[in-house]
Amino acid sequence: MAKKVVFELESPIISSISKPITTKELVDRLRNVCDQLSALDQDLVDLDSLAEIKKDLVNQKLIKHNNQGVQAYVSCCLAEILRLYAPDAPYTATQLTNIFRLFISQFKKLMDEESPYYLNLYNLLKRVVEVKSIALMTDLPAAEKLTDELFKGIYDICKHSAFPEKVDTLISDLLSEVISESDSISLPVLKLILNKFMANKTVSDSQHKNIRVPGFSITLNICKTNTDRLSRQVTQYFSEVIYEITANENGTNQVSLDPDTLDQLRKLHGLCIEIWKYVPDLLLSVMGVLDNELDADSEQIRELATLTIGKIASVQPSDVNFVKVHQDSWNNWRKKILDISSRVRASWVSATFDIIENRTDINDDIVTGITKALLDTDLHVRLNTVKVFNKLQPETFVSKLLSCSIMDVLIHLLREKNYEIRKESISFVSNLYNRTFIDLYAADKRLDDTIGTIPSAILNLVYINSTEINQHLDLALFEKILPFDNIDENRARRCLTVLKHLDTKARSAFVAILKRQRQLSDVLTQFVGLCEAYNGGNPADKENKETLIKKIDKVSNWISLSIPSDIRPISCLNRFVAENSKRYYKLIKIAISTESNYDTVRNALKELFNHLSSPSKEKTSMDSSQVTPEQMVSTFKLLLYRTAVIISNQSNMHSLFEIANQNGELANTAQELIETISETSPAVFKTQIHQFTNILRSICSAESYHKATEERSLVKTLKTIYHYAKQYPQEMNMDESLTIALQFICEKGTPTESRFAVKISGLQGEKSILKRILATIYPLDDTSEHLASHLCVISEMFLLDDSLLEGIESDLTSTLIKDYLLKNKIKRKEDHSEFVSDEELETKEFTSCAIKIYSLKVIVNRLRASHDAENSKELAEPVLKLLFFIIGNSGEIVNEKDPSYPSPQHFKTRLRLMAGLSFLKLAKYPTYSKMMKPSLVYRLIFLVQDENETIREAFLNELQKYLAEYQISDKFLPLVFFTAYEPLDGLKAKTLTWMRSTYKRFSSDKSKPLIFEKSLVRLIHMIAHFPEFVDSLKILPKEPEKASLVPTLISASEYIIEFLEVVATEKNISLLYYLATQVKKYQDGLFSAADYELDENPVIYNLYRVSELAQVCIKLLSLSKSWNVQTWPGKVQLPGDIFSSMKSIKEAQDIVSISFLPDQVVVEVENAVRARIARTNSRKDGLRRNKRIKTAV
């Protein structure tokens, strides 16, 4: 057995009166004692020899000594004593209490690494941790107090950035030992530990994410080392705090929390999230508390719990898979998208962002909920969902969320009524398209069917005709769909790729945008000119100044109508005038000039926007209100995007020509765009027009013609030349070679080629050219394979110069009707086509059909050319009857006894469409419009409801175009409401959009007031004479028992409701009711006075029945919307072409007093109409789909 080592104290360490010890000497003696003790081995030391030193070390003179060195060495010595005596302690509880208090006081000084005794303090900490002597403290009576002092002291010094990182592990071990040996820790200690999680979050959320949070690693180590013990206390703490802050004085749960309480609860949930990020096991039991919160009565608590669990579920990587370990809580959380509270549902959506970003294993669950959120009835939920999408990287959305269902809803949200949702949706989908463009249209059907449709969806917003929507549409188009790009070919190819994949409506919208560019650029040019004149004129000429101000105001007001009022466009334009910047004027002129190249336009816009974004100090009497730089930029960015030659500039045209000539996949699209630009901005072709005319000059024979048509579309070339020549006829070089080429095309080309060839020839105003052409094609040759083309040329000649056809027009018309219209050149037993397109009419296969079409066109164009002639009415009467017959007879014009009867189906469809369109063309002329009696107009209903969808759409397009441009009488307006049973969703939606936008535009036109409202009486009259209803309504007032009116009236009510859904507002509902009632104060103008005197013709009362039906519909709509129908104070005269006055006041009173609808009928009709109005999705109602579209028979 080894000999025990005896400790010998060399010098006393306790000072006395007789033998005082200086502090310096004391420190030296203690250092020696410390060195001696630290050198002793616990197993070899003679503990009895330590009796004196262990007693001296706990002497109050040393323990309470105020010298830092003395305290440091005494602490180290005591730590060694405890090591040597371990596991027993050679001190009383009181002495140990004093010892640990001394230790704690020394630990508090660990942050000062510059201290001369820092090494002693570090060794003290190390020895206490190694020996685990701190465990003795937990058995003392004052253990809780000492523990609180220890943790508070440590965490106090952890607040300082100077706290040395190297002691983190030792302190963590020290505090962990205390927790593991304690039965429990106090709440203050628990808070000290947990608070570091929030301190770390604060730093993580700041811009200084890499800064170390002193003490956080200590908290982390403590929690990981003592998870089981701390978990119970954390759960108890959370439960108590939550109960305390969510219960009132009576102990019952609060449904609504005050702000302070809510803030406390929010902080607690934030702590949960931070703990889960680092030590998820610590919250195993707390999750049950959070799960209960998801079902709390309080909306605020459910909202917080939803956000918290969402954040927790998003933490990846994590030691605990929340979805699997807490599956019940996860499933409960998923249900919160169906919570009764919209705030909770919106919070659920917000919480999904991090989940989508960080996880891939639960995409299906999230996609299901997100889809529901997009369709939520509450706008805040929908808005939150789109905002989440906007925060996501587009690549993340594509990989994790993209689906047809989600994209369908997003596309629908582009038309959302709420401004913010629209704005966010347009922003998201346009950015998504921009970021994924490189992957589109490359055999990835999933991307093409979803993201690839975005440009069409955005461009189709044009038809809504909203200034706010158009603002975001333009920004999306020019910044995301067709963003600025310095490389000409890339830019052109992107534009063509987008254009190629647009749907029909979107292409039309794109063309409209190009047309708008030219129109608005003319207005902007005028505005800039007025600014220059106003600022550059004679200051003394006040009269001229006032005139200029009025003109500027007029132009400014017109421009501002298309810009949202919230950016104050009028004030911005006035500010522009006041600043009088010649540089601004020049930049705008450059940007809108067709002679500018792309780089010049882009640089001009960039410079202008930079200047406008700088605050201006100018101020004039023209604009006393201040506008912000942001408003100036927003106004002029919209204005310049719409007017600058961003698309139709010289650089782009050069690239488009190159692509068109390469015969690649974009060649046809390039040719189409060139053709469109030639129509909308012909001036841009000034330097290229010779390229097109040279193509024509090469045509002088069949061989050269075929070669030219093989290389590119000759029609597109001709159209381009025509549009340019029409705008700049003086710049066209119509030399002999070009004239010969045009003459050849008129004789040998397709109908459309021939049409544009003769139009180009006619622009020069030289009859000799047209005479030469006419001589080659007339008299008509029945055997010519180009007969249809010749007819097309003649039809155009009537419009160009009808004097060329003097003397032959009568014989020509007779021949066309007798030999071509009333006979079929072919007879097919079986039709291979319901309808042939314009392109198919160009082919030899459908020449016979084309001959009929162009024959009718010749006859109609003769009338158009003669509209102001003395015999125009005489010429028009048989033609109008012919058109009426064609429509009424389903397009069949051949007599049954003729050998060529019946006509092929595609003959009939094309003829009745041609007849309808011809009606509209002739209606543009007042002479012919007056001749069109109501019976003729009403026959057009058959085309609106034609069984062939192409006919319906084509006719409606022309009808809407002419009505919108005021080219035809508003007596045609009620026809559009007969689309109530339109089965095609696209056509139905398009028509409704047109109705609403046109009504909005007409309503703002003070020169033509109440056009839509007044059309109600024409609609009532039209319904009353609609063949579908005439027979069903043949009931005399005295025979109500014979009535079977209900189905007919319910069917008719659809047209009236369609009208009311578009036109009725709270402001005009009284006027509409007044108009409906006024109908009963008039006689039907289509019947004679004798019909009313006999009182035996039941049809004369149809008008009054439909009037009463309209009154029922208006009343029920008013009730459903809580509108008051009051007496209309004004007076409106009903149109005299369809209404006539009553013979006497008594007769009028008698009619008004009679109810033409039996009471039982009214009850049944009211029930049906009420249900129809209540349907929220009436446009997709099944009844509407079951209604068969008919053709007149």
# chains A, B, ... in the order shown; residues from 1 in each chain; ligands from 1
>>> residues_around(residues="stretch 699-705 of chain A", least_positions_apart="5", cutoff="7 Å", atoms="only C-alpha atoms", output="VMD selection string")
chain A and resid 740 to 741 744
>>> residues_around(residues="A:Asp503", least_positions_apart="3", cutoff="7 Å", atoms="only C-alpha atoms", output="list in words")
Ser456, Ala506 and Arg507 of chain A
>>> residues_around(residues="A:Ser176", least_positions_apart="4", cutoff="7 Å", atoms="only C-alpha atoms", output="list in words")
Ser172, Ser180, Ile222, Thr225 and Asn226 of chain A
>>> residues_around(residues="A:Phe756", least_positions_apart="3", cutoff="7 Å", atoms="only C-alpha atoms", output="list in words")
Leu718, Lys719, Tyr722, Thr752, Glu753, Lys759 and Ile760 of chain A
>>> write_last_selection(atoms="all heavy atoms", output="tab-separated table (two decimals), in the first residue's frame")
chain	number	residue	atom	x	y	z
A	718	LEU	N	-49.11	41.39	-100.05
A	718	LEU	CA	-50.06	42.34	-100.63
A	718	LEU	C	-50.71	43.21	-99.55
A	718	LEU	O	-50.89	44.42	-99.74
A	718	LEU	CB	-51.12	41.58	-101.43
A	718	LEU	CG	-50.66	40.99	-102.76
A	718	LEU	CD1	-51.64	39.92	-103.24
A	718	LEU	CD2	-50.51	42.09	-103.82
A	719	LYS	N	-51.05	42.59	-98.44
A	719	LYS	CA	-51.68	43.36	-97.35
A	719	LYS	C	-50.71	44.41	-96.80
A	719	LYS	O	-51.10	45.55	-96.53
A	719	LYS	CB	-52.12	42.42	-96.23
A	719	LYS	CG	-53.37	41.63	-96.54
A	719	LYS	CD	-53.77	40.78	-95.34
A	719	LYS	CE	-55.07	40.01	-95.61
A	719	LYS	NZ	-55.46	39.19	-94.45
A	722	TYR	N	-50.49	47.18	-99.24
A	722	TYR	CA	-51.75	47.95	-99.27
A	722	TYR	C	-51.84	48.91	-98.09
A	722	TYR	O	-52.17	50.09	-98.26
A	722	TYR	CB	-52.94	47.01	-99.26
A	722	TYR	CG	-54.25	47.71	-99.02
A	722	TYR	CD1	-54.81	48.54	-99.98
A	722	TYR	CD2	-54.90	47.58	-97.80
A	722	TYR	CE1	-56.00	49.21	-99.74
A	722	TYR	CE2	-56.09	48.24	-97.55
A	722	TYR	CZ	-56.63	49.06	-98.53
A	722	TYR	OH	-57.79	49.73	-98.29
A	752	THR	N	-58.49	36.35	-102.32
A	752	THR	CA	-57.94	37.37	-101.42
A	752	THR	C	-56.76	38.09	-102.04
A	752	THR	O	-56.60	39.31	-101.88
A	752	THR	CB	-57.51	36.72	-100.08
A	752	THR	OG1	-58.63	36.02	-99.52
A	752	THR	CG2	-57.04	37.76	-99.09
A	753	GLU	N	-55.91	37.36	-102.74
A	753	GLU	CA	-54.79	38.00	-103.44
A	753	GLU	C	-55.31	39.01	-104.46
A	753	GLU	O	-54.83	40.14	-104.55
A	753	GLU	CB	-53.93	36.95	-104.14
A	753	GLU	CG	-53.15	36.05	-103.19
A	753	GLU	CD	-52.50	34.88	-103.89
A	753	GLU	OE1	-52.75	34.70	-105.10
A	753	GLU	OE2	-51.75	34.13	-103.24
A	759	LYS	N	-57.16	46.56	-104.86
A	759	LYS	CA	-57.23	47.68	-103.90
A	759	LYS	C	-55.97	48.54	-104.00
A	759	LYS	O	-56.04	49.78	-103.94
A	759	LYS	CB	-57.39	47.14	-102.47
A	759	LYS	CG	-58.81	46.65	-102.16
A	759	LYS	CD	-58.84	45.77	-100.93
A	759	LYS	CE	-58.72	46.54	-99.66
A	759	LYS	NZ	-60.00	47.15	-99.26
A	760	ILE	N	-54.80	47.89	-104.15
A	760	ILE	CA	-53.55	48.65	-104.31
A	760	ILE	C	-53.59	49.46	-105.60
A	760	ILE	O	-53.22	50.64	-105.64
A	760	ILE	CB	-52.33	47.70	-104.31
A	760	ILE	CG1	-52.18	47.02	-102.94
A	760	ILE	CG2	-51.04	48.46	-104.66
A	760	ILE	CD1	-51.16	45.90	-102.92
>>> residues_around(residues="A:Gly69", least_positions_apart="5", cutoff="12 Å", atoms="only C-alpha atoms", output="list in words")
Thr23, Lys24, Glu25, Leu26, Val27, Asp28, Arg29, Leu30, Arg31, Leu62, Ile63, Val74, Ser75, Cys76, Gln106, Lys109, Ser115, Pro116, Tyr117, Tyr118, Leu119, Asn120 and Leu121 of chain A
>>> write_last_selection(atoms="N, CA, C and O atoms", output="PDB file, in the first residue's frame")
ATOM      1  N   THR A  23      -1.900  41.924   2.359  1.00  0.00           N
ATOM      2  CA  THR A  23      -2.693  41.331   1.261  1.00  0.00           C
ATOM      3  C   THR A  23      -1.793  40.684   0.231  1.00  0.00           C
ATOM      4  O   THR A  23      -2.065  39.588  -0.261  1.00  0.00           O
ATOM      5  N   LYS A  24      -0.683  41.376  -0.081  1.00  0.00           N
ATOM      6  CA  LYS A  24       0.233  40.823  -1.077  1.00  0.00           C
ATOM      7  C   LYS A  24       0.810  39.506  -0.596  1.00  0.00           C
ATOM      8  O   LYS A  24       0.899  38.528  -1.350  1.00  0.00           O
ATOM      9  N   GLU A  25       1.209  39.492   0.688  1.00  0.00           N
ATOM     10  CA  GLU A  25       1.774  38.273   1.246  1.00  0.00           C
ATOM     11  C   GLU A  25       0.722  37.177   1.298  1.00  0.00           C
ATOM     12  O   GLU A  25       1.016  36.006   1.027  1.00  0.00           O
ATOM     13  N   LEU A  26      -0.513  37.582   1.614  1.00  0.00           N
ATOM     14  CA  LEU A  26      -1.600  36.599   1.696  1.00  0.00           C
ATOM     15  C   LEU A  26      -1.840  35.954   0.337  1.00  0.00           C
ATOM     16  O   LEU A  26      -2.046  34.742   0.223  1.00  0.00           O
ATOM     17  N   VAL A  27      -1.834  36.783  -0.703  1.00  0.00           N
ATOM     18  CA  VAL A  27      -2.048  36.257  -2.051  1.00  0.00           C
ATOM     19  C   VAL A  27      -0.956  35.263  -2.402  1.00  0.00           C
ATOM     20  O   VAL A  27      -1.208  34.184  -2.953  1.00  0.00           O
ATOM     21  N   ASP A  28       0.299  35.598  -2.046  1.00  0.00           N
ATOM     22  CA  ASP A  28       1.416  34.688  -2.356  1.00  0.00           C
ATOM     23  C   ASP A  28       1.270  33.376  -1.601  1.00  0.00           C
ATOM     24  O   ASP A  28       1.517  32.299  -2.158  1.00  0.00           O
ATOM     25  N   ARG A  29       0.904  33.456  -0.300  1.00  0.00           N
ATOM     26  CA  ARG A  29       0.751  32.241   0.491  1.00  0.00           C
ATOM     27  C   ARG A  29      -0.391  31.367  -0.053  1.00  0.00           C
ATOM     28  O   ARG A  29      -0.260  30.141  -0.116  1.00  0.00           O
ATOM     29  N   LEU A  30      -1.491  32.027  -0.439  1.00  0.00           N
ATOM     30  CA  LEU A  30      -2.623  31.267  -0.987  1.00  0.00           C
ATOM     31  C   LEU A  30      -2.255  30.619  -2.311  1.00  0.00           C
ATOM     32  O   LEU A  30      -2.716  29.520  -2.634  1.00  0.00           O
ATOM     33  N   ARG A  31      -1.442  31.317  -3.125  1.00  0.00           N
ATOM     34  CA  ARG A  31      -1.003  30.738  -4.385  1.00  0.00           C
ATOM     35  C   ARG A  31      -0.222  29.446  -4.123  1.00  0.00           C
ATOM     36  O   ARG A  31      -0.430  28.440  -4.803  1.00  0.00           O
ATOM     37  N   LEU A  62     -11.196  35.086   5.061  1.00  0.00           N
ATOM     38  CA  LEU A  62     -10.814  34.787   3.676  1.00  0.00           C
ATOM     39  C   LEU A  62     -12.027  34.794   2.733  1.00  0.00           C
ATOM     40  O   LEU A  62     -11.978  35.348   1.637  1.00  0.00           O
ATOM     41  N   ILE A  63     -13.075  34.166   3.192  1.00  0.00           N
ATOM     42  CA  ILE A  63     -14.268  34.060   2.348  1.00  0.00           C
ATOM     43  C   ILE A  63     -14.826  35.448   2.040  1.00  0.00           C
ATOM     44  O   ILE A  63     -15.286  35.698   0.931  1.00  0.00           O
ATOM     45  N   VAL A  74      -8.587  31.573  -2.855  1.00  0.00           N
ATOM     46  CA  VAL A  74      -9.367  30.842  -1.848  1.00  0.00           C
ATOM     47  C   VAL A  74     -10.359  29.921  -2.561  1.00  0.00           C
ATOM     48  O   VAL A  74     -10.534  28.760  -2.170  1.00  0.00           O
ATOM     49  N   SER A  75     -11.028  30.427  -3.611  1.00  0.00           N
ATOM     50  CA  SER A  75     -11.994  29.621  -4.357  1.00  0.00           C
ATOM     51  C   SER A  75     -11.317  28.400  -4.967  1.00  0.00           C
ATOM     52  O   SER A  75     -11.840  27.282  -4.903  1.00  0.00           O
ATOM     53  N   CYS A  76     -10.147  28.611  -5.544  1.00  0.00           N
ATOM     54  CA  CYS A  76      -9.430  27.488  -6.165  1.00  0.00           C
ATOM     55  C   CYS A  76      -9.027  26.458  -5.115  1.00  0.00           C
ATOM     56  O   CYS A  76      -9.103  25.238  -5.350  1.00  0.00           O
ATOM     57  N   GLN A 106     -17.252  34.323  -8.163  1.00  0.00           N
ATOM     58  CA  GLN A 106     -16.090  34.241  -9.043  1.00  0.00           C
ATOM     59  C   GLN A 106     -16.506  33.925 -10.485  1.00  0.00           C
ATOM     60  O   GLN A 106     -15.914  34.439 -11.438  1.00  0.00           O
ATOM     61  N   LYS A 109     -17.122  36.732 -12.816  1.00  0.00           N
ATOM     62  CA  LYS A 109     -16.009  37.528 -13.335  1.00  0.00           C
ATOM     63  C   LYS A 109     -15.329  36.881 -14.530  1.00  0.00           C
ATOM     64  O   LYS A 109     -14.306  37.371 -15.012  1.00  0.00           O
ATOM     65  N   SER A 115      -8.298  40.160 -16.819  1.00  0.00           N
ATOM     66  CA  SER A 115      -8.005  40.116 -15.389  1.00  0.00           C
ATOM     67  C   SER A 115      -6.761  39.256 -15.133  1.00  0.00           C
ATOM     68  O   SER A 115      -6.601  38.199 -15.748  1.00  0.00           O
ATOM     69  N   PRO A 116      -5.895  39.690 -14.190  1.00  0.00           N
ATOM     70  CA  PRO A 116      -4.680  38.889 -13.878  1.00  0.00           C
ATOM     71  C   PRO A 116      -5.021  37.543 -13.235  1.00  0.00           C
ATOM     72  O   PRO A 116      -4.185  36.644 -13.191  1.00  0.00           O
ATOM     73  N   TYR A 117      -6.240  37.420 -12.777  1.00  0.00           N
ATOM     74  CA  TYR A 117      -6.645  36.179 -12.111  1.00  0.00           C
ATOM     75  C   TYR A 117      -7.608  35.353 -12.974  1.00  0.00           C
ATOM     76  O   TYR A 117      -8.254  34.435 -12.473  1.00  0.00           O
ATOM     77  N   TYR A 118      -7.688  35.724 -14.282  1.00  0.00           N
ATOM     78  CA  TYR A 118      -8.631  35.018 -15.161  1.00  0.00           C
ATOM     79  C   TYR A 118      -8.310  33.527 -15.227  1.00  0.00           C
ATOM     80  O   TYR A 118      -9.218  32.686 -15.201  1.00  0.00           O
ATOM     81  N   LEU A 119      -7.015  33.177 -15.251  1.00  0.00           N
ATOM     82  CA  LEU A 119      -6.614  31.768 -15.338  1.00  0.00           C
ATOM     83  C   LEU A 119      -7.061  31.016 -14.093  1.00  0.00           C
ATOM     84  O   LEU A 119      -7.491  29.850 -14.190  1.00  0.00           O
ATOM     85  N   ASN A 120      -6.994  31.675 -12.951  1.00  0.00           N
ATOM     86  CA  ASN A 120      -7.452  31.047 -11.713  1.00  0.00           C
ATOM     87  C   ASN A 120      -8.956  30.763 -11.788  1.00  0.00           C
ATOM     88  O   ASN A 120      -9.413  29.686 -11.368  1.00  0.00           O
ATOM     89  N   LEU A 121      -9.691  31.748 -12.308  1.00  0.00           N
ATOM     90  CA  LEU A 121     -11.137  31.581 -12.407  1.00  0.00           C
ATOM     91  C   LEU A 121     -11.483  30.452 -13.381  1.00  0.00           C
ATOM     92  O   LEU A 121     -12.408  29.666 -13.139  1.00  0.00           O
TER      93      LEU A 121
END
>>> residues_around(residues="A:Asp488", least_positions_apart="6", cutoff="10 Å", atoms="only C-alpha atoms", output="ChimeraX atom specification")
/A:598-599,651-656
>>> residues_around(residues="A:Leu1117", least_positions_apart="3", cutoff="8 Å", atoms="only C-alpha atoms", output="JSON, numbers by chain")
{"A": [1113, 1114, 1120, 1121, 1170, 1173]}
>>> write_last_selection(atoms="N, CA, C and O atoms", output="PDB file, in the first residue's frame")
ATOM      1  N   CYS A1113     -89.446  40.632 -63.424  1.00  0.00           N
ATOM      2  CA  CYS A1113     -87.997  40.417 -63.314  1.00  0.00           C
ATOM      3  C   CYS A1113     -87.319  41.596 -62.625  1.00  0.00           C
ATOM      4  O   CYS A1113     -86.443  41.410 -61.765  1.00  0.00           O
ATOM      5  N   ILE A1114     -87.726  42.801 -62.972  1.00  0.00           N
ATOM      6  CA  ILE A1114     -87.112  43.992 -62.380  1.00  0.00           C
ATOM      7  C   ILE A1114     -87.424  44.077 -60.889  1.00  0.00           C
ATOM      8  O   ILE A1114     -86.552  44.371 -60.066  1.00  0.00           O
ATOM      9  N   SER A1120     -83.897  41.350 -54.430  1.00  0.00           N
ATOM     10  CA  SER A1120     -82.706  40.551 -54.107  1.00  0.00           C
ATOM     11  C   SER A1120     -81.506  41.430 -53.763  1.00  0.00           C
ATOM     12  O   SER A1120     -80.612  41.003 -53.034  1.00  0.00           O
ATOM     13  N   LYS A1121     -81.495  42.651 -54.293  1.00  0.00           N
ATOM     14  CA  LYS A1121     -80.371  43.553 -54.046  1.00  0.00           C
ATOM     15  C   LYS A1121     -80.726  44.696 -53.095  1.00  0.00           C
ATOM     16  O   LYS A1121     -79.915  45.607 -52.887  1.00  0.00           O
ATOM     17  N   ARG A1170     -87.101  34.079 -59.425  1.00  0.00           N
ATOM     18  CA  ARG A1170     -86.439  34.297 -58.137  1.00  0.00           C
ATOM     19  C   ARG A1170     -85.283  33.303 -57.954  1.00  0.00           C
ATOM     20  O   ARG A1170     -84.184  33.681 -57.512  1.00  0.00           O
ATOM     21  N   ILE A1173     -82.362  34.268 -60.314  1.00  0.00           N
ATOM     22  CA  ILE A1173     -81.591  35.420 -59.838  1.00  0.00           C
ATOM     23  C   ILE A1173     -80.701  35.031 -58.668  1.00  0.00           C
ATOM     24  O   ILE A1173     -79.579  35.522 -58.526  1.00  0.00           O
TER      25      ILE A1173
END
>>> closest_residue(among="A:Ser204, A:Ser681, A:Thr750, A:Gln471", to="A:Leu714", atoms="only C-alpha atoms")
A:Thr750
>>> closest_residue(among="A:Asn390, A:Thr504, A:Ser768, A:Gln327", to="A:Ser350", atoms="only C-alpha atoms")
A:Asn390
>>> decode(residues="stretch 319-325 of chain A", atoms="all heavy atoms", output="PDB file, in the first residue's frame")
ATOM      1  N   ASP A 319     -34.521  17.158 -35.938  1.00  0.00           N
ATOM      2  CA  ASP A 319     -34.309  15.866 -35.281  1.00  0.00           C
ATOM      3  C   ASP A 319     -35.608  15.086 -35.144  1.00  0.00           C
ATOM      4  O   ASP A 319     -35.599  13.866 -34.965  1.00  0.00           O
ATOM      5  CB  ASP A 319     -33.694  16.080 -33.884  1.00  0.00           C
ATOM      6  CG  ASP A 319     -32.306  16.694 -33.964  1.00  0.00           C
ATOM      7  OD1 ASP A 319     -31.664  16.531 -35.026  1.00  0.00           O
ATOM      8  OD2 ASP A 319     -31.878  17.344 -32.999  1.00  0.00           O
ATOM      9  N   VAL A 320     -36.711  15.798 -35.207  1.00  0.00           N
ATOM     10  CA  VAL A 320     -38.016  15.156 -35.075  1.00  0.00           C
ATOM     11  C   VAL A 320     -38.857  15.522 -36.295  1.00  0.00           C
ATOM     12  O   VAL A 320     -39.007  16.695 -36.625  1.00  0.00           O
ATOM     13  CB  VAL A 320     -38.742  15.624 -33.790  1.00  0.00           C
ATOM     14  CG1 VAL A 320     -40.145  15.034 -33.732  1.00  0.00           C
ATOM     15  CG2 VAL A 320     -37.942  15.251 -32.555  1.00  0.00           C
ATOM     16  N   ASN A 321     -39.379  14.536 -36.991  1.00  0.00           N
ATOM     17  CA  ASN A 321     -40.277  14.781 -38.126  1.00  0.00           C
ATOM     18  C   ASN A 321     -41.665  15.059 -37.573  1.00  0.00           C
ATOM     19  O   ASN A 321     -42.393  14.144 -37.194  1.00  0.00           O
ATOM     20  CB  ASN A 321     -40.300  13.574 -39.059  1.00  0.00           C
ATOM     21  CG  ASN A 321     -41.068  13.858 -40.342  1.00  0.00           C
ATOM     22  OD1 ASN A 321     -42.022  14.634 -40.343  1.00  0.00           O
ATOM     23  ND2 ASN A 321     -40.670  13.237 -41.421  1.00  0.00           N
ATOM     24  N   PHE A 322     -42.023  16.324 -37.538  1.00  0.00           N
ATOM     25  CA  PHE A 322     -43.281  16.727 -36.922  1.00  0.00           C
ATOM     26  C   PHE A 322     -44.471  15.991 -37.520  1.00  0.00           C
ATOM     27  O   PHE A 322     -45.363  15.538 -36.797  1.00  0.00           O
ATOM     28  CB  PHE A 322     -43.471  18.241 -37.085  1.00  0.00           C
ATOM     29  CG  PHE A 322     -44.803  18.729 -36.618  1.00  0.00           C
ATOM     30  CD1 PHE A 322     -45.041  18.962 -35.271  1.00  0.00           C
ATOM     31  CD2 PHE A 322     -45.844  18.938 -37.510  1.00  0.00           C
ATOM     32  CE1 PHE A 322     -46.284  19.396 -34.834  1.00  0.00           C
ATOM     33  CE2 PHE A 322     -47.082  19.373 -37.085  1.00  0.00           C
ATOM     34  CZ  PHE A 322     -47.300  19.604 -35.740  1.00  0.00           C
ATOM     35  N   VAL A 323     -44.501  15.874 -38.821  1.00  0.00           N
ATOM     36  CA  VAL A 323     -45.662  15.299 -39.495  1.00  0.00           C
ATOM     37  C   VAL A 323     -45.887  13.858 -39.067  1.00  0.00           C
ATOM     38  O   VAL A 323     -47.029  13.405 -38.918  1.00  0.00           O
ATOM     39  CB  VAL A 323     -45.484  15.392 -41.022  1.00  0.00           C
ATOM     40  CG1 VAL A 323     -46.623  14.682 -41.740  1.00  0.00           C
ATOM     41  CG2 VAL A 323     -45.415  16.845 -41.445  1.00  0.00           C
ATOM     42  N   LYS A 324     -44.821  13.110 -38.852  1.00  0.00           N
ATOM     43  CA  LYS A 324     -44.959  11.696 -38.465  1.00  0.00           C
ATOM     44  C   LYS A 324     -45.121  11.511 -36.963  1.00  0.00           C
ATOM     45  O   LYS A 324     -45.956  10.737 -36.513  1.00  0.00           O
ATOM     46  CB  LYS A 324     -43.744  10.922 -38.960  1.00  0.00           C
ATOM     47  CG  LYS A 324     -43.674  10.797 -40.475  1.00  0.00           C
ATOM     48  CD  LYS A 324     -42.494   9.928 -40.905  1.00  0.00           C
ATOM     49  CE  LYS A 324     -42.487   9.760 -42.435  1.00  0.00           C
ATOM     50  NZ  LYS A 324     -41.343   8.929 -42.882  1.00  0.00           N
ATOM     51  N   VAL A 325     -44.323  12.243 -36.191  1.00  0.00           N
ATOM     52  CA  VAL A 325     -44.360  12.080 -34.732  1.00  0.00           C
ATOM     53  C   VAL A 325     -45.640  12.668 -34.138  1.00  0.00           C
ATOM     54  O   VAL A 325     -46.206  12.124 -33.192  1.00  0.00           O
ATOM     55  CB  VAL A 325     -43.116  12.725 -34.096  1.00  0.00           C
ATOM     56  CG1 VAL A 325     -43.210  12.674 -32.569  1.00  0.00           C
ATOM     57  CG2 VAL A 325     -41.852  12.031 -34.573  1.00  0.00           C
TER      58      VAL A 325
END
